[in-house]
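Below is the file structure_28.csv, which contains CSV, C-alpha atoms and all ligand atoms.
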chain,number,residue,atom,x,y,z
L,1,MET,CA,-22.6,-12.2,-112.7
L,2,ASN,CA,-22.0,-13.8,-109.3
L,3,GLU,CA,-23.9,-12.6,-106.2
L,4,PHE,CA,-22.0,-10.8,-103.4
L,5,GLY,CA,-21.8,-12.6,-100.1
L,6,GLY,CA,-20.6,-9.9,-97.7
L,7,ASN,CA,-17.3,-8.4,-96.9
L,8,TRP,CA,-15.8,-11.8,-96.5
L,9,THR,CA,-16.1,-12.2,-100.3
L,10,GLU,CA,-13.6,-9.4,-100.6
L,11,ASN,CA,-11.4,-10.7,-97.7
L,12,LYS,CA,-11.3,-14.2,-99.3
L,13,ILE,CA,-9.9,-12.7,-102.5
L,14,GLU,CA,-7.5,-10.4,-100.7
L,15,ILE,CA,-6.2,-13.4,-98.8
L,16,LEU,CA,-5.7,-15.4,-102.0
L,17,VAL,CA,-4.0,-12.5,-103.8
L,18,GLU,CA,-1.7,-11.7,-100.8
L,19,TYR,CA,-0.7,-15.4,-100.7
L,20,ALA,CA,-0.2,-15.6,-104.5
L,21,ARG,CA,2.1,-12.6,-104.4
L,22,ALA,CA,4.3,-14.3,-101.7
L,23,TYR,CA,4.1,-17.6,-103.6
L,24,LEU,CA,5.3,-16.0,-106.8
L,25,THR,CA,8.1,-14.1,-105.0
L,26,ILE,CA,9.5,-17.3,-103.5
L,27,MET,CA,8.9,-19.4,-106.6
L,28,LYS,CA,10.6,-16.9,-109.0
L,29,LYS,CA,14.1,-17.9,-108.0
L,30,LYS,CA,13.3,-21.6,-107.6
L,31,ALA,CA,11.5,-21.9,-110.9
L,32,GLU,CA,14.6,-20.4,-112.6
L,33,GLU,CA,17.0,-22.7,-110.7
L,34,TYR,CA,15.0,-25.9,-111.2
L,35,ASN,CA,13.3,-25.1,-114.5
L,36,TRP,CA,9.8,-25.4,-113.0
L,37,GLN,CA,6.6,-24.1,-114.6
L,38,LEU,CA,4.0,-22.4,-112.4
L,39,LEU,CA,0.4,-23.3,-112.9
L,40,TYR,CA,-2.6,-21.5,-111.4
L,41,PHE,CA,-5.9,-23.5,-111.2
L,42,ASP,CA,-9.3,-22.0,-110.2
L,43,GLY,CA,-12.0,-24.6,-109.9
L,44,PHE,CA,-15.0,-22.3,-109.3
L,45,ALA,CA,-14.0,-19.3,-111.3
L,46,GLY,CA,-17.2,-17.4,-111.7
L,47,SER,CA,-18.0,-14.8,-114.4
L,48,GLY,CA,-15.1,-12.4,-113.7
L,49,GLU,CA,-17.1,-9.9,-111.5
L,50,ILE,CA,-19.2,-10.2,-108.4
L,51,LYS,CA,-22.2,-8.0,-108.0
L,52,GLY,CA,-21.7,-5.8,-105.0
L,53,GLU,CA,-24.2,-4.8,-102.3
L,54,ASP,CA,-24.0,-1.2,-103.4
L,55,LYS,CA,-23.6,-0.2,-107.1
L,56,ASN,CA,-19.9,-1.1,-107.2
L,57,ASN,CA,-19.1,-4.5,-108.5
L,58,ILE,CA,-16.1,-6.5,-107.1
L,59,VAL,CA,-13.4,-7.7,-109.4
L,60,GLY,CA,-13.4,-11.5,-109.2
L,61,ALA,CA,-10.3,-13.5,-108.2
L,62,ALA,CA,-9.5,-14.5,-111.8
L,63,LYS,CA,-8.6,-11.0,-112.8
L,64,ARG,CA,-6.9,-10.2,-109.6
L,65,ILE,CA,-4.6,-13.1,-110.0
L,66,LEU,CA,-3.9,-12.3,-113.7
L,67,GLU,CA,-2.9,-8.8,-112.7
L,68,ILE,CA,0.1,-10.0,-110.7
L,69,ASP,CA,3.2,-9.6,-112.8
L,70,HIS,CA,5.9,-8.7,-110.3
L,71,PRO,CA,8.1,-10.3,-109.6
L,72,ARG,CA,6.5,-12.7,-112.1
L,73,GLY,CA,3.1,-14.2,-113.1
L,74,PHE,CA,2.2,-17.8,-113.6
L,75,ASP,CA,3.1,-19.7,-116.8
L,76,LEU,CA,-0.4,-21.2,-117.1
L,77,TYR,CA,-3.8,-20.2,-115.9
L,78,TYR,CA,-6.6,-22.7,-115.9
L,79,PHE,CA,-10.1,-21.6,-114.9
L,80,VAL,CA,-13.1,-23.9,-114.5
L,81,GLU,CA,-16.7,-22.7,-114.4
L,82,LYS,CA,-19.8,-24.9,-114.8
L,83,GLU,CA,-22.3,-22.2,-115.9
L,84,LYS,CA,-21.9,-21.8,-119.6
L,85,GLU,CA,-22.8,-18.1,-119.7
L,86,PHE,CA,-20.3,-17.3,-116.8
L,87,ALA,CA,-17.6,-19.3,-118.5
L,88,GLU,CA,-18.1,-17.5,-121.8
L,89,ASN,CA,-18.1,-14.1,-120.0
L,90,LEU,CA,-15.0,-14.9,-118.1
L,91,LYS,CA,-13.1,-16.0,-121.2
L,92,LYS,CA,-14.1,-12.9,-123.1
L,93,THR,CA,-13.2,-10.5,-120.3
L,94,LEU,CA,-9.9,-12.2,-119.5
L,95,HIS,CA,-8.8,-12.3,-123.1
L,96,GLU,CA,-9.7,-8.7,-123.6
L,97,THR,CA,-8.1,-7.5,-120.4
L,98,PHE,CA,-4.9,-9.5,-120.7
L,99,PRO,CA,-4.2,-9.8,-124.4
L,100,ASN,CA,-0.5,-10.5,-123.7
L,101,LYS,CA,-1.4,-13.5,-121.6
L,102,LYS,CA,-4.1,-14.8,-124.0
L,103,LYS,CA,-2.1,-17.9,-124.9
L,104,CYS,CA,-1.7,-19.1,-121.4
L,105,ILE,CA,-5.3,-18.5,-120.2
L,106,HIS,CA,-7.6,-21.5,-120.5
L,107,VAL,CA,-11.3,-21.4,-119.5
L,108,ALA,CA,-13.1,-24.7,-119.3
L,109,ASN,CA,-16.9,-24.9,-119.0
L,110,ASN,CA,-17.0,-28.1,-116.9
L,111,ASP,CA,-17.5,-29.5,-113.5
L,112,CYS,CA,-14.6,-28.8,-111.1
L,113,ASN,CA,-14.3,-32.4,-109.9
L,114,GLU,CA,-13.6,-33.6,-113.4
L,115,LYS,CA,-11.0,-30.9,-114.0
L,116,ILE,CA,-9.2,-31.4,-110.7
L,117,GLU,CA,-8.8,-35.0,-111.7
L,118,SER,CA,-7.5,-34.0,-115.2
L,119,MET,CA,-5.1,-31.5,-113.6
L,120,SER,CA,-3.7,-34.3,-111.4
L,121,ARG,CA,-3.2,-36.5,-114.5
L,122,PHE,CA,-1.5,-33.6,-116.2
L,123,LEU,CA,0.8,-33.1,-113.2
L,124,SER,CA,1.7,-36.8,-113.1
L,125,GLU,CA,2.7,-36.7,-116.8
L,126,LYS,CA,4.8,-33.7,-116.2
L,127,LYS,CA,6.7,-35.5,-113.5
L,128,LYS,CA,7.3,-32.6,-111.0
L,129,ARG,CA,8.1,-30.0,-113.6
L,130,TYR,CA,5.0,-28.1,-112.6
L,131,LYS,CA,4.3,-26.4,-109.2
L,132,SER,CA,0.7,-25.2,-108.7
L,133,LEU,CA,-1.5,-23.0,-106.7
L,134,ALA,CA,-5.2,-24.0,-106.7
L,135,TYR,CA,-8.2,-22.0,-105.5
L,136,ILE,CA,-11.3,-24.0,-104.8
L,137,ASP,CA,-14.1,-21.5,-104.0
L,138,PRO,CA,-17.5,-23.2,-104.1
L,139,TYR,CA,-20.8,-21.9,-102.7
L,140,GLY,CA,-21.7,-25.3,-101.4
L,141,MET,CA,-20.6,-29.0,-101.1
L,142,GLN,CA,-19.7,-29.5,-104.8
L,143,VAL,CA,-16.2,-30.8,-104.2
L,144,ASN,CA,-15.9,-34.6,-103.9
L,145,TRP,CA,-13.3,-35.9,-101.6
L,146,LYS,CA,-12.1,-38.4,-104.3
L,147,SER,CA,-11.2,-35.5,-106.6
L,148,LEU,CA,-9.1,-33.8,-103.9
L,149,GLN,CA,-7.3,-37.1,-103.2
L,150,THR,CA,-5.9,-37.1,-106.7
L,151,LEU,CA,-3.9,-33.9,-105.8
L,152,LYS,CA,-1.8,-35.8,-103.2
L,153,GLN,CA,1.9,-35.4,-103.8
L,154,HIS,CA,1.6,-33.2,-106.8
L,155,SER,CA,3.2,-30.0,-105.3
L,156,VAL,CA,-0.1,-28.2,-105.2
L,157,ASP,CA,-0.8,-25.5,-102.6
L,158,VAL,CA,-4.6,-25.4,-102.3
L,159,TRP,CA,-6.8,-22.7,-100.8
L,160,ILE,CA,-10.2,-24.3,-100.2
L,161,LEU,CA,-13.5,-22.9,-99.0
L,162,VAL,CA,-15.2,-25.4,-96.8
L,163,PRO,CA,-19.0,-24.9,-96.2
L,164,THR,CA,-18.9,-26.0,-92.6
L,165,GLY,CA,-21.9,-23.9,-91.4
L,166,ILE,CA,-24.0,-23.5,-94.6
L,167,GLY,CA,-23.3,-27.0,-95.9
L,168,LEU,CA,-22.2,-29.7,-93.5
L,169,ASN,CA,-24.0,-28.5,-90.5
L,170,ARG,CA,-27.3,-28.1,-92.4
L,171,LEU,CA,-27.2,-31.7,-93.5
L,172,LEU,CA,-26.5,-32.9,-90.0
L,173,LYS,CA,-30.0,-32.7,-88.7
L,174,LYS,CA,-30.6,-32.1,-85.0
L,175,ASP,CA,-32.5,-35.3,-84.5
L,176,GLY,CA,-30.0,-37.4,-86.5
L,177,ASN,CA,-32.7,-38.4,-88.9
L,178,ILE,CA,-30.8,-37.7,-92.1
L,179,SER,CA,-32.1,-38.8,-95.5
L,180,GLU,CA,-30.2,-41.3,-97.6
L,181,ALA,CA,-29.5,-38.6,-100.2
L,182,TRP,CA,-28.0,-36.3,-97.6
L,183,ILE,CA,-25.9,-39.2,-96.1
L,184,ALA,CA,-24.6,-39.9,-99.6
L,185,LYS,CA,-23.7,-36.2,-100.0
L,186,LEU,CA,-21.8,-36.2,-96.7
L,187,GLU,CA,-20.0,-39.4,-97.7
L,188,MET,CA,-18.9,-38.0,-101.1
L,189,PHE,CA,-17.8,-34.7,-99.5
L,190,LEU,CA,-15.8,-36.1,-96.6
L,191,GLY,CA,-14.7,-39.4,-98.2
L,192,MET,CA,-15.9,-41.2,-95.1
L,193,THR,CA,-18.6,-43.8,-94.5
L,194,LYS,CA,-21.9,-43.1,-92.7
L,195,ASP,CA,-20.6,-45.3,-89.8
L,196,GLU,CA,-17.6,-43.1,-89.5
L,197,ILE,CA,-19.4,-39.7,-89.9
L,198,LEU,CA,-22.4,-40.1,-87.6
L,199,PRO,CA,-20.6,-41.1,-84.3
L,200,TYR,CA,-18.4,-38.0,-84.8
L,201,PHE,CA,-21.3,-35.7,-84.7
L,202,TYR,CA,-23.9,-37.5,-82.6
L,203,GLN,CA,-24.0,-39.3,-79.3
L,204,GLU,CA,-26.3,-42.1,-78.5
L,205,SER,CA,-27.6,-42.6,-74.9
L,206,THR,CA,-30.2,-45.0,-73.5
L,207,ILE,CA,-33.0,-43.5,-71.5
L,208,HIS,CA,-35.4,-45.4,-69.3
L,209,THR,CA,-39.0,-44.6,-69.8
L,210,LEU,CA,-42.3,-46.0,-68.5
L,211,PHE,CA,-42.5,-48.3,-71.5
L,212,GLY,CA,-38.9,-49.5,-71.5
L,213,GLU,CA,-35.6,-48.3,-72.8
L,214,GLU,CA,-35.3,-45.7,-75.6
L,215,ILE,CA,-32.3,-44.6,-77.6
L,216,LYS,CA,-31.8,-40.9,-77.5
L,217,ILE,CA,-29.6,-39.2,-80.2
L,218,THR,CA,-28.0,-35.9,-79.4
L,219,LYS,CA,-26.1,-33.8,-81.9
L,220,GLU,CA,-22.8,-32.1,-80.8
L,221,GLN,CA,-23.5,-28.5,-79.8
L,222,ASN,CA,-20.4,-27.2,-81.5
L,223,ALA,CA,-21.0,-29.2,-84.8
L,224,VAL,CA,-19.6,-26.4,-87.0
L,225,GLU,CA,-16.3,-26.2,-85.2
L,226,LYS,CA,-16.1,-30.0,-85.2
L,227,ALA,CA,-16.8,-30.1,-88.9
L,228,ALA,CA,-13.9,-27.7,-89.4
L,229,LYS,CA,-11.6,-29.8,-87.3
L,230,LEU,CA,-12.7,-32.9,-89.1
L,231,TYR,CA,-12.1,-31.4,-92.6
L,232,GLU,CA,-8.7,-30.2,-91.4
L,233,GLU,CA,-7.8,-33.7,-90.3
L,234,ARG,CA,-9.0,-35.1,-93.6
L,235,LEU,CA,-6.8,-32.6,-95.5
L,236,LYS,CA,-3.9,-33.7,-93.4
L,237,ASN,CA,-4.2,-37.1,-94.9
L,238,LEU,CA,-3.4,-35.6,-98.3
L,239,PHE,CA,-1.1,-32.7,-97.5
L,240,LYS,CA,1.7,-32.4,-94.9
L,241,PHE,CA,0.4,-29.2,-93.5
L,242,VAL,CA,-2.9,-27.3,-93.2
L,243,SER,CA,-3.2,-23.6,-92.2
L,244,LYS,CA,-5.3,-22.0,-89.6
L,245,PRO,CA,-8.5,-21.1,-91.3
L,246,TYR,CA,-10.0,-17.7,-92.1
L,247,ILE,CA,-13.5,-17.9,-90.6
L,248,LEU,CA,-16.3,-16.4,-92.6
L,249,LYS,CA,-19.3,-15.3,-90.6
L,250,ASN,CA,-22.7,-13.8,-91.6
L,251,LYS,CA,-24.3,-10.7,-90.2
L,252,ASN,CA,-25.7,-12.7,-87.3
L,253,ASN,CA,-22.2,-13.8,-86.4
L,254,SER,CA,-22.9,-17.4,-87.4
L,255,ILE,CA,-20.1,-19.3,-89.1
L,256,MET,CA,-20.7,-20.1,-92.8
L,257,PHE,CA,-17.4,-21.3,-94.1
L,258,HIS,CA,-13.8,-22.0,-93.1
L,259,PHE,CA,-11.2,-21.1,-95.6
L,260,PHE,CA,-8.0,-23.3,-95.4
L,261,MET,CA,-4.7,-23.6,-97.2
L,262,ALA,CA,-3.1,-27.0,-97.5
L,263,SER,CA,0.4,-27.6,-98.7
L,264,ASP,CA,3.4,-29.9,-98.4
L,265,THR,CA,5.6,-27.0,-97.5
L,266,ARG,CA,6.0,-25.6,-94.0
L,267,VAL,CA,7.0,-22.1,-95.3
L,268,ALA,CA,3.8,-21.9,-97.3
L,269,ILE,CA,1.7,-22.7,-94.3
L,270,ASN,CA,3.6,-20.1,-92.1
L,271,ILE,CA,2.8,-17.5,-94.7
L,272,ALA,CA,-0.9,-18.6,-95.0
L,273,ASN,CA,-1.2,-18.5,-91.2
L,274,SER,CA,0.1,-15.0,-90.9
L,275,ILE,CA,-2.4,-13.9,-93.6
L,276,THR,CA,-5.4,-15.6,-92.0
L,277,LYS,CA,-4.5,-14.3,-88.6
L,278,LYS,CA,-4.6,-10.8,-89.9
L,279,PHE,CA,-8.0,-11.3,-91.6
L,280,ASN,CA,-9.4,-13.0,-88.4
L,281,ASN,CA,-8.4,-9.7,-86.6
L,282,GLY,CA,-5.6,-11.5,-84.8
L,283,THR,CA,-7.9,-13.9,-83.0
L,284,ILE,CA,-6.8,-17.2,-84.6
L,301,LIG,C1,-18.4,-18.4,-105.2
L,301,LIG,S1,-18.6,-18.4,-107.0
L,301,LIG,C2,-17.0,-18.1,-107.5
L,301,LIG,C3,-16.5,-16.7,-107.5
L,301,LIG,C4,-15.1,-16.5,-108.0
L,301,LIG,N1,-14.2,-17.4,-107.3
L,301,LIG,C5,-14.7,-15.1,-108.1
L,301,LIG,O1,-13.8,-14.7,-107.4
L,301,LIG,O2,-15.3,-14.3,-108.8
L,301,LIG,C6,-18.8,-20.1,-107.4
L,301,LIG,C7,-18.9,-20.4,-108.9
L,301,LIG,O3,-18.8,-21.8,-109.1
L,301,LIG,C8,-19.7,-22.2,-110.1
L,301,LIG,N2,-19.9,-23.6,-109.9
L,301,LIG,C9,-20.9,-24.2,-109.2
L,301,LIG,N3,-20.7,-25.5,-109.2
L,301,LIG,C10,-19.7,-25.8,-109.9
L,301,LIG,C11,-19.0,-27.0,-110.3
L,301,LIG,N4,-19.4,-28.2,-109.8
L,301,LIG,N5,-17.8,-26.9,-111.0
L,301,LIG,C12,-17.4,-25.7,-111.5
L,301,LIG,N6,-18.0,-24.5,-111.2
L,301,LIG,C13,-19.1,-24.6,-110.4
L,301,LIG,C14,-20.9,-21.3,-110.0
L,301,LIG,O4,-21.6,-21.1,-111.2
L,301,LIG,C15,-20.3,-20.0,-109.5
L,301,LIG,O5,-20.0,-19.1,-110.6

Target format structure tokens, applied to this file:
Amino acid sequence: MNEFGGNWTENKIEILVEYARAYLTIMKKKAEEYNWQLLYFDGFAGSGEIKGEDKNNIVGAAKRILEIDHPRGFDLYYFVEKEKEFAENLKKTLHETFPNKKKCIHVANNDCNEKIESMSRFLSEKKKRYKSLAYIDPYGMQVNWKSLQTLKQHSVDVWILVPTGIGLNRLLKKDGNISEAWIAKLEMFLGMTKDEILPYFYQESTIHTLFGEEIKITKEQNAVEKAAKLYEERLKNLFKFVSKPYILKNKNNSIMFHFFMASDTRVAINIANSITKKFNNGTI
């Protein structure tokens, strides 16, 4: 069972479910008119339940999405989970809970990147007949930029959890002395080169000392916010619009993640913005 992360775990699911309901309401008529099929893709699906802080477990996003029937559900549900035991549990619980939808529920025990890329190939083959909603909910920096790139122009609305505080900012060491392995991770995650990433987060200045000149490296003070801005800009290279994020903070009020929605449809972003605003208590 997945571990609970705080009340933002519940908020994140509520945001997704509220959006999915609006999406399905809008898409119902359009799908009938244009003969579209609706696909739901969850790249980090979990085991079906999340262990709560108290004795109550939280129902995971997969079940919450499958519960939606009105005005309609999705035609196909594709869940990806890397942990074998979690994937098996998820498949069992979803098939038992939703016997009528068994045929359209697929659970893959794989890496999300691999399956994002296969989904994109599938959507290419189907030539615009499918419209999709994707939920990408990792704990860390598992999503490679090159996988997300394959989603471009495939009519996918994507909710994505970006580990700005607990991922990116942690790799960006204060003194700028970042290991090659971490640089490689940053490059894969952002789809940028070291020479593009480092000047964005660090400033170099020359200081004059008794023994000559020294280069001083200073990290941006608001690196987490800058990381969110950068990721938003990156997403705008793939999607026409990106929503305002829902900001997930820990008990000490430090930012851990930014939760964005990206889409090629303006209406979709307007809906996402009104939902994130509500969950940010009207602040953003
Ligand atoms: C935040 S949890 C998901 C919770 C889930 N969305 C829910 O609502 O119950 C992240 C999950 O991703 C899985 N995971 C980690 N790396 C993965 C990867 N590269 N591909 C697919 N799943 C992965 C973990 O085993 C974990 O179950």

| task | Please provide as a list in words all residues within 7 Å of Ser147 of chain L, with the sequence filter that same-chain residues fewer than 2 positions apart are discarded (counting all atoms listed in the file). | result | Asn113, Ile116, Glu117, Asn144, Trp145, Gln149 and Thr150 of chain L

| request: Just the residues within 8 Å of Phe257 of chain L, please, counting all atoms listed in the file, with nothing from its chain fewer than 2 positions along; format it as a list in words. | output: Leu161, Val162, Pro163, Thr164, Gly165, Ile166, Ile247, Leu248, Lys249, Ile255 and Phe259 of chain L

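Coordinates place atom C10 of ligand LIG 301 (chain L) at a distance of 26.1 Å from atom CA of Asp264 of chain L.
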
| request: Provide the atom C2 of ligand LIG 301 (chain L) to atom CA of Lys174 of chain L distance in Å, to one decimal place. | output: 29.8 Å

| said: Show me which residues are within 8 Å of ligand LIG 301 (chain L) counting all atoms listed in the file, and format the list as a VMD selection string. | reply: chain L and resid 1 to 3 9 13 42 to 50 59 to 62 80 to 83 86 109 to 113 135 to 140 142 to 143

| said: One number please: atom CA of Lys102 of chain L to atom CA of Tyr77 of chain L, in Å, one decimal. | reply: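 It comes out at 9.7 Å.
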
Fewer than 3 positions away in the same chain doesn't count, so skip those; otherwise give me all residues within 7 Å of Ala272 of chain L, counting all atoms listed in the file, as a CSV table (one decimal) with C-alpha atoms, keeping the file's coordinate frame.
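Saved file selection.csv follows:
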chain,number,residue,atom,x,y,z
L,19,TYR,CA,-0.7,-15.4,-100.7
L,243,SER,CA,-3.2,-23.6,-92.2
L,261,MET,CA,-4.7,-23.6,-97.2
L,268,ALA,CA,3.8,-21.9,-97.3
L,269,ILE,CA,1.7,-22.7,-94.3
L,275,ILE,CA,-2.4,-13.9,-93.6
L,276,THR,CA,-5.4,-15.6,-92.0

| query | Looking at L:Asn35, L:Thr265, L:Thr218, L:Asn57, which one is nearest to Arg129 of chain L, with distances taken over only C-alpha atoms? | reply |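 Result for the nearest residue to Arg129 of chain L: L:Asn35.
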
| Of the listed residues L:Val107, L:Ile284, L:Ile207, L:Leu186, that which approaches Lys173 of chain L most closely, counting all atoms listed in the file | L:Leu186

| remark: Shortest contact to Met141 of chain L, candidates L:Asn169, L:Asn280, L:Ser120, L:Gln153, atoms counted all atoms listed in the file, goes to L:Asn169

| task | Identify which of the residues L:Lys194, L:Lys216, L:His258, L:Lys278 lies closest to Glu18 of chain L, counting all atoms listed in the file when measuring atom-to-atom distances. | result |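 Using all atoms listed in the file, Glu18 of chain L sits closest to L:Lys278.
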
| message | Need the shell around His154 of chain L: protein/DNA/RNA residues with any atom at most 9 Å away, counting all atoms listed in the file. Skip same-chain ones fewer than 6 positions apart. Format as number ranges by chain? | response | L: 120, 123-124, 127-128, 130-132
